[in-house]
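Report on the following structure.
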Amino acid sequence: MTAALAFKPEKARTFAKEVMERSGQNLVACYQCRRCAGACSVGEETGYITPDRLIRMILTGDQENALNNELVWKCVSCYTCGTRCPNEIQTGRITETLKKMAKEAHQAPLQPQIAHFHDAFVHSGLRWGRVNEMEFMAFYELRNMIDHVKGKKFGAIFNEIKTQSTLALSMMRLKRMHFGFLSAKGRQEIKRLYKKKKK
Ligand code: SF4
Ligand code: SF4
């Protein structure tokens, strides 16, 4: 039997306030109509966690589960739920915020590979103002390999090398793999905006 959540109003208020401020979303406007739930692109992947339920978790102060659940890690930021929401709540921004908060709290991610993918994307995007495929894949794969070695999953290492080599070859054939380190003109601006948002 699942233990009942002990509601602590002060803790719930502080947590909800932080998520609202950082995501820029007004969660208290949610009246649980569940239009977002029917629209979520990854609904079949996230079990019972739908955008409305995630919002309810935050508002009731269930911090532990709100920071680490399937929706936080599998949301693809498609913004479909926000388009359907009568109160214009963008759950994609909430899940992004919760990922960052989970990382800051040193919480082990439920989906480590997605966390590595996210880190590699941000790392490369910040450095060059755009994602450089080679650097991005190297960073992402290195983190995955470290996990596999730590877990002694040697079969997974072999599969990873095989899958990624096939993917790389196919990208090269389609001329979708760039070997140089291209940078965007406004990359300093991107860095500056990121730092400002972080503060
Ligand atoms: S659609 Fe908007 S108001 Fe309705 S449950 Fe979802 S987030 Fe809340
Ligand atoms: S933004 Fe995330 S939560 Fe919203 S519909 Fe897309 S995948 Fe689902």
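By order of appearance in the structure tokens: chains A, B, ..., then residues from 1 within every chain, and ligands from 1 in the order shown.
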Checklist entry - Taking only C-alpha atoms and all ligand atoms into account, which residues are within 12 Å of ligand 2, as a ChimeraX atom specification? => result /A:34-46,49-55,69-85,88-96
To one decimal place, how far is atom CA of A:Gln107 from atom CA of A:Glu64 in Å?
->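 These atoms are spaced 9.2 Å apart.
Atom 8 (Fe, counted along the ligand's line) of ligand 1 to atom CA of A:Arg22 spans 18.1 Å [interatomic distance, one decimal].
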Please tabulate, as a Markdown table, the residues of stretch 38-123 of chain A that come within 9 Å of stretch 130-134 of chain A, each with its closest pair of atoms and the distance in Å to one decimal, counting only C-alpha atoms and ordering rows by chain, then residue number upward.
| residue | atom | partner | partner_atom | distance |
| --- | --- | --- | --- | --- |
| A:Ala120 | CA | A:Val131 | CA | 8.9 |
| A:Phe121 | CA | A:Val131 | CA | 6.5 |
| A:Val122 | CA | A:Val131 | CA | 8.3 |
| A:His123 | CA | A:Val131 | CA | 8.6 |
Give me the residues within 10 Å of A:Gln164 as a ChimeraX atom specification, counting only C-alpha atoms and dropping any in the same chain fewer than 6 places off. /A:137,141,170
Same residues, all heavy atoms, output as a PDB file, in the first residue's frame:
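That gives us part-v7.pdb:
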ATOM      1  N   MET A 137      27.738  14.112 -29.658  1.00  0.00           N
ATOM      2  CA  MET A 137      27.684  12.656 -29.561  1.00  0.00           C
ATOM      3  C   MET A 137      28.813  12.115 -28.678  1.00  0.00           C
ATOM      4  O   MET A 137      28.613  11.173 -27.916  1.00  0.00           O
ATOM      5  CB  MET A 137      27.781  12.023 -30.965  1.00  0.00           C
ATOM      6  CG  MET A 137      26.524  12.157 -31.792  1.00  0.00           C
ATOM      7  SD  MET A 137      25.018  11.642 -30.948  1.00  0.00           S
ATOM      8  CE  MET A 137      25.231   9.879 -30.873  1.00  0.00           C
ATOM      9  N   GLU A 141      27.955   9.976 -25.475  1.00  0.00           N
ATOM     10  CA  GLU A 141      28.373   8.577 -25.429  1.00  0.00           C
ATOM     11  C   GLU A 141      29.354   8.317 -24.292  1.00  0.00           C
ATOM     12  O   GLU A 141      29.306   7.269 -23.660  1.00  0.00           O
ATOM     13  CB  GLU A 141      28.989   8.157 -26.767  1.00  0.00           C
ATOM     14  CG  GLU A 141      27.964   7.924 -27.858  1.00  0.00           C
ATOM     15  CD  GLU A 141      26.879   6.934 -27.455  1.00  0.00           C
ATOM     16  OE1 GLU A 141      27.115   6.061 -26.610  1.00  0.00           O
ATOM     17  OE2 GLU A 141      25.763   7.054 -27.971  1.00  0.00           O
ATOM     18  N   SER A 170      24.872   6.365 -41.354  1.00  0.00           N
ATOM     19  CA  SER A 170      23.663   6.786 -42.073  1.00  0.00           C
ATOM     20  C   SER A 170      23.571   8.320 -42.141  1.00  0.00           C
ATOM     21  O   SER A 170      23.203   8.888 -43.167  1.00  0.00           O
ATOM     22  CB  SER A 170      22.460   6.135 -41.393  1.00  0.00           C
ATOM     23  OG  SER A 170      21.428   6.996 -41.239  1.00  0.00           O
TER      24      SER A 170
END
Q. DSSP on the backbone: what in chain A comes out alpha helix (DSSP H), as number ranges by chain?
A. A: 9-23, 35-39, 51-59, 63-67, 70-74, 80-84, 91-104, 112-128, 133-150, 154-173, 187-198
Report as a CSV table (one decimal) with all heavy atoms, in the first residue's frame all protein, DNA and RNA residues lying within 6 Å of stretch 10-15 of chain A, evaluated on only C-alpha atoms, omitting residues in the same chain fewer than 2 positions from it.
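This is the output file result_6.csv:
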chain,number,residue,atom,x,y,z
A,8,LYS,N,2.4,19.4,4.0
A,8,LYS,CA,3.0,20.4,4.8
A,8,LYS,C,2.9,21.7,4.0
A,8,LYS,O,3.6,21.9,3.0
A,8,LYS,CB,4.5,20.1,5.0
A,8,LYS,CG,4.7,18.8,5.9
A,8,LYS,CD,6.1,18.5,6.1
A,8,LYS,CE,6.2,17.2,6.9
A,8,LYS,NZ,7.5,16.5,6.7
A,17,LYS,N,6.2,27.9,-5.3
A,17,LYS,CA,6.6,29.3,-5.7
A,17,LYS,C,7.9,29.2,-6.5
A,17,LYS,O,8.0,29.9,-7.6
A,17,LYS,CB,6.9,30.0,-4.4
A,17,LYS,CG,7.1,31.5,-4.6
A,17,LYS,CD,7.0,32.2,-3.2
A,17,LYS,CE,7.4,33.7,-3.4
A,17,LYS,NZ,8.8,34.0,-3.3
A,18,GLU,N,8.8,28.4,-6.1
A,18,GLU,CA,10.1,28.3,-6.9
A,18,GLU,C,9.8,27.7,-8.3
A,18,GLU,O,10.3,28.3,-9.3
A,18,GLU,CB,11.1,27.3,-6.2
A,18,GLU,CG,12.4,27.3,-6.9
A,18,GLU,CD,13.5,26.5,-6.2
A,18,GLU,OE1,13.3,26.0,-5.1
A,18,GLU,OE2,14.6,26.4,-6.9
A,60,THR,N,0.8,20.3,-4.1
A,60,THR,CA,0.6,19.6,-2.8
A,60,THR,C,2.0,19.4,-2.1
A,60,THR,O,2.0,18.7,-1.1
A,60,THR,CB,-0.1,18.3,-3.0
A,60,THR,OG1,0.6,17.5,-4.0
A,60,THR,CG2,-1.6,18.5,-3.4
A,61,GLY,N,3.1,19.8,-2.8
A,61,GLY,CA,4.4,19.7,-2.1
A,61,GLY,C,5.0,18.3,-2.2
A,61,GLY,O,5.9,18.0,-1.4
So the first atom is atom CA of A:Met101 and the second is atom CA of A:Glu189; what is the distance between them in Å, to one decimal place?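 Those two atoms sit 24.0 Å apart.
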Selected residue, from A:Ala6, A:Met177, A:Val19, A:Ile146, that lies nearest to A:Lys100 when counting only C-alpha atoms:
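Closest residue, counting only C-alpha atoms: A:Val19.
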